[in-house]
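**Q** I have a structure I would like to understand better, so I am pasting it below and will then ask my questions one at a time.
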Amino acid sequence: MSEVNTSRRQFLGWGTAAMAGLAIAPGVTLIDLAHGKPDDQPVSSKVRWGMLIDANQCHSGCSDCVTACNKENGLSGGTGPDDSQWIRKMDLKDTHSGRVMSLPMMCQHCGNPPCTDVCPTGASFKRADGIVLVDRHICIGCRYCMMACPYKARSFVAHPVTDQKPGRPRGIGTVEACTMCVERVDAGLKPACVDACAAAGHEAIIFGDLNDPNSDISKRIAEYTTKQVRADLGLDTGVRYQGV
Amino acid sequence: MSVRPATFKWVWVSDVRRGLVKRGSLWGFAILGASLLAVALTATASGGEQETSRVPLPHPEIANPGKCVADTEYMRKHHMDVLLRHRDETVHEGIRTKRYSLTNCIDCHASRKNNSVLGTKENFCQACHSYAAVKVDCFECHSSKPEATAGAVFHPIVPSGAKAGPASADQGLALSMQQHMRNGLAATANKNPGGESR
């Protein structure tokens, strides 16, 4: 028993070196940067996806985020009462100063979402990584969640849908809303609206992990004053606004 | 495909045997054996069973033979179970493995002719589902076409001449799969009036 198995120690040493090599900074590893989440792993509550919208950068006439959302998710782009709108552009005018600011509104991906509280079937749910979704397989179309949402973020599909985009299912009799482009996020991409805004040169929407203090979004929130819309409701929204 | 091969053979054989037993000859059994062998050989040679039942057996178009993620027998019996399980894992937990994903199934099984798993009695999903008169719910929401990339580049199994977009022949079929099944069954019934006169 006096002999020490040095090969095992050596192996552990190699393992430590390998881990150190993969980790660039706490919480950030090369694997994460390259591929996002591995396909066979469930999402983790260590991540909280969120968005920061800078109203100072958002241009009044631009609706590229809306167009990109419609294209990505196969929405008609109509704005009638029967059309689904996952993201809307709105201009807000200060009646005293006359200052107009423009910003997109969509599902705020609340930490305490009222839509999931009222859902009778469990179709409305919050994923472990903070993305609020509708499981349309079990949605019965009662629309309680639409009543409960303070942001008017959800739409009901009242008419048959044909020619859906592959990988982006939509169907009659269910409620739907912004999914934060969950398929893209799982693949390590950013939501379509974020990419479109950057492509337009505005970069008014920043997407990232609110739980990671080194992410762009966390740094911005730590540095600047940001707001949650209807913060008085205590919903802990995942979408924050700057310059409003 | 040998879903229900026995029925018509048995009817044929029993006719022959009745004749043989009437004559009471031992030779009859030898002839019976020979004819059974002949029937088996004929069936093998023709590559399948004859379509003599009222409802013709489904002949789904298999775009990529032998490439399925599991054994054919297993998938015939359990495809709905693996899809259901994968569905919940994907939607709620974000697990996006390709093996049992509906998108993967469609990518591989879409017809070379109309770039879809629905549309005609030969299309992969519709063939058996219309035969069994089981409604398939998937395509009320999910697209029945393979994932096309940005430049409308199809899955390699689709010929380059195929066109993307709403002009496709099977548009709206997903909408009323049940109706189409009903029409299909009606057409079958018209083709074989009476059913027993062969």
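By order in the structure tokens, chains are A, B, ...; within a chain, residues start at 1; ligands start at 1, following the order shown.
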Distance cut-off 7 Å, counting only C-alpha atoms - which residues of chain A neighbour chain B? Return them as a PyMOL selection string.
**A** chain A and resi 39-43+127+135+162-167+169-171+186
**Q** Excluding Ile221 (chain A) and its own-chain neighbours fewer than 3 positions away, which residues fall within 12 Å of it when counting only C-alpha atoms? Please give them as a PyMOL selection string.
**A** chain A and resi 50-54+206-218+224-228+238-243
**Q** What gap, in Å, lies between CA of Cys197 (chain A) and CA of Val157 (chain A)?
**A**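 Those two atoms sit 26.9 Å apart.
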**Q** Can you pull out every residue from region 89-187 of chain A that DSSP, working from the backbone, puts in strand (DSSP E), and format the result as an MDAnalysis selection string?
**A** chainID A and resid 89:93 100:106 124:126 132:134 155:156 175:176
**Q** Would you mind exporting the chosen residues as an mmCIF file, in the first residue's frame, restricted to N, CA and C atoms?
**A**
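Final output, saved to again-v2.cif:
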data_model
loop_
_atom_site.group_PDB
_atom_site.id
_atom_site.type_symbol
_atom_site.label_atom_id
_atom_site.label_comp_id
_atom_site.auth_asym_id
_atom_site.auth_seq_id
_atom_site.Cartn_x
_atom_site.Cartn_y
_atom_site.Cartn_z
ATOM 1 N N LYS A 89 -44.371 47.584 -33.017
ATOM 2 C CA LYS A 89 -43.616 48.820 -32.850
ATOM 3 C C LYS A 89 -44.599 49.890 -32.406
ATOM 4 N N MET A 90 -44.231 50.669 -31.409
ATOM 5 C CA MET A 90 -45.115 51.750 -30.992
ATOM 6 C C MET A 90 -44.336 53.032 -30.749
ATOM 7 N N ASP A 91 -44.986 54.146 -31.079
ATOM 8 C CA ASP A 91 -44.415 55.468 -30.808
ATOM 9 C C ASP A 91 -45.159 56.076 -29.623
ATOM 10 N N LEU A 92 -44.409 56.550 -28.655
ATOM 11 C CA LEU A 92 -45.008 57.166 -27.472
ATOM 12 C C LEU A 92 -44.643 58.656 -27.470
ATOM 13 N N LYS A 93 -45.631 59.498 -27.256
ATOM 14 C CA LYS A 93 -45.388 60.945 -27.301
ATOM 15 C C LYS A 93 -45.630 61.541 -25.926
ATOM 16 N N VAL A 100 -41.052 62.338 -28.945
ATOM 17 C CA VAL A 100 -41.587 61.051 -29.381
ATOM 18 C C VAL A 100 -40.501 60.012 -29.222
ATOM 19 N N MET A 101 -40.841 58.907 -28.587
ATOM 20 C CA MET A 101 -39.884 57.795 -28.570
ATOM 21 C C MET A 101 -40.555 56.550 -29.129
ATOM 22 N N SER A 102 -39.709 55.732 -29.691
ATOM 23 C CA SER A 102 -40.192 54.557 -30.394
ATOM 24 C C SER A 102 -39.611 53.325 -29.726
ATOM 25 N N LEU A 103 -40.423 52.300 -29.596
ATOM 26 C CA LEU A 103 -39.898 51.065 -29.006
ATOM 27 C C LEU A 103 -40.751 49.867 -29.423
ATOM 28 N N PRO A 104 -40.147 48.685 -29.453
ATOM 29 C CA PRO A 104 -40.936 47.469 -29.717
ATOM 30 C C PRO A 104 -41.493 46.903 -28.414
ATOM 31 N N MET A 105 -42.692 46.368 -28.487
ATOM 32 C CA MET A 105 -43.314 45.700 -27.339
ATOM 33 C C MET A 105 -43.643 44.271 -27.730
ATOM 34 N N MET A 106 -43.342 43.362 -26.857
ATOM 35 C CA MET A 106 -43.678 41.962 -27.089
ATOM 36 C C MET A 106 -43.795 41.277 -25.738
ATOM 37 N N SER A 124 -49.527 27.178 -20.784
ATOM 38 C CA SER A 124 -48.626 28.322 -20.595
ATOM 39 C C SER A 124 -47.604 27.935 -19.552
ATOM 40 N N PHE A 125 -46.357 28.071 -19.889
ATOM 41 C CA PHE A 125 -45.339 27.685 -18.912
ATOM 42 C C PHE A 125 -44.086 28.507 -19.139
ATOM 43 N N LYS A 126 -43.255 28.509 -18.096
ATOM 44 C CA LYS A 126 -41.966 29.192 -18.200
ATOM 45 C C LYS A 126 -40.887 28.131 -18.222
ATOM 46 N N VAL A 132 -40.887 32.270 -21.673
ATOM 47 C CA VAL A 132 -42.285 31.918 -21.437
ATOM 48 C C VAL A 132 -42.899 31.471 -22.752
ATOM 49 N N LEU A 133 -43.511 30.298 -22.743
ATOM 50 C CA LEU A 133 -44.012 29.696 -23.979
ATOM 51 C C LEU A 133 -45.436 29.179 -23.794
ATOM 52 N N VAL A 134 -46.079 28.881 -24.929
ATOM 53 C CA VAL A 134 -47.344 28.152 -24.922
ATOM 54 C C VAL A 134 -47.069 26.774 -25.525
ATOM 55 N N SER A 155 -51.605 36.420 -28.868
ATOM 56 C CA SER A 155 -52.590 36.443 -29.938
ATOM 57 C C SER A 155 -53.267 35.077 -30.023
ATOM 58 N N PHE A 156 -54.513 35.101 -30.440
ATOM 59 C CA PHE A 156 -55.262 33.857 -30.613
ATOM 60 C C PHE A 156 -55.401 33.570 -32.103
ATOM 61 N N VAL A 175 -53.355 29.753 -28.528
ATOM 62 C CA VAL A 175 -52.803 31.078 -28.262
ATOM 63 C C VAL A 175 -51.303 31.035 -28.512
ATOM 64 N N GLU A 176 -50.780 32.107 -29.034
ATOM 65 C CA GLU A 176 -49.347 32.140 -29.325
ATOM 66 C C GLU A 176 -48.792 33.514 -28.999
#
**Q** So how many Å separate CA of Glu72 (chain A) and CA of Gly111 (chain A), to one decimal?
**A** 25.1 Å
**Q** For a quick check of understanding, using only C-alpha atoms, which of A:Gly98, A:Asn73, A:Ile131, A:Arg184 has the smallest distance to Pro113 (chain A)?
**A**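 Closest to Pro113 (chain A), using only C-alpha atoms: A:Ile131.
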**Q** What's around Cys149 (chain A) at 8 Å? Count only C-alpha atoms, leave out sequence neighbours fewer than 5 positions away in its own chain, and write the answer as a list in words.
**A** Pro114, Cys115 and Arg154 of chain A
**Q** Could you dump the residues just selected with C-alpha atoms as a tab-separated table (two decimals), in the first residue's frame?
**A**
chain	number	residue	atom	x	y	z
A	114	PRO	CA	-49.45	35.85	-14.84
A	115	CYS	CA	-50.32	33.88	-17.98
A	154	ARG	CA	-50.52	37.15	-26.85
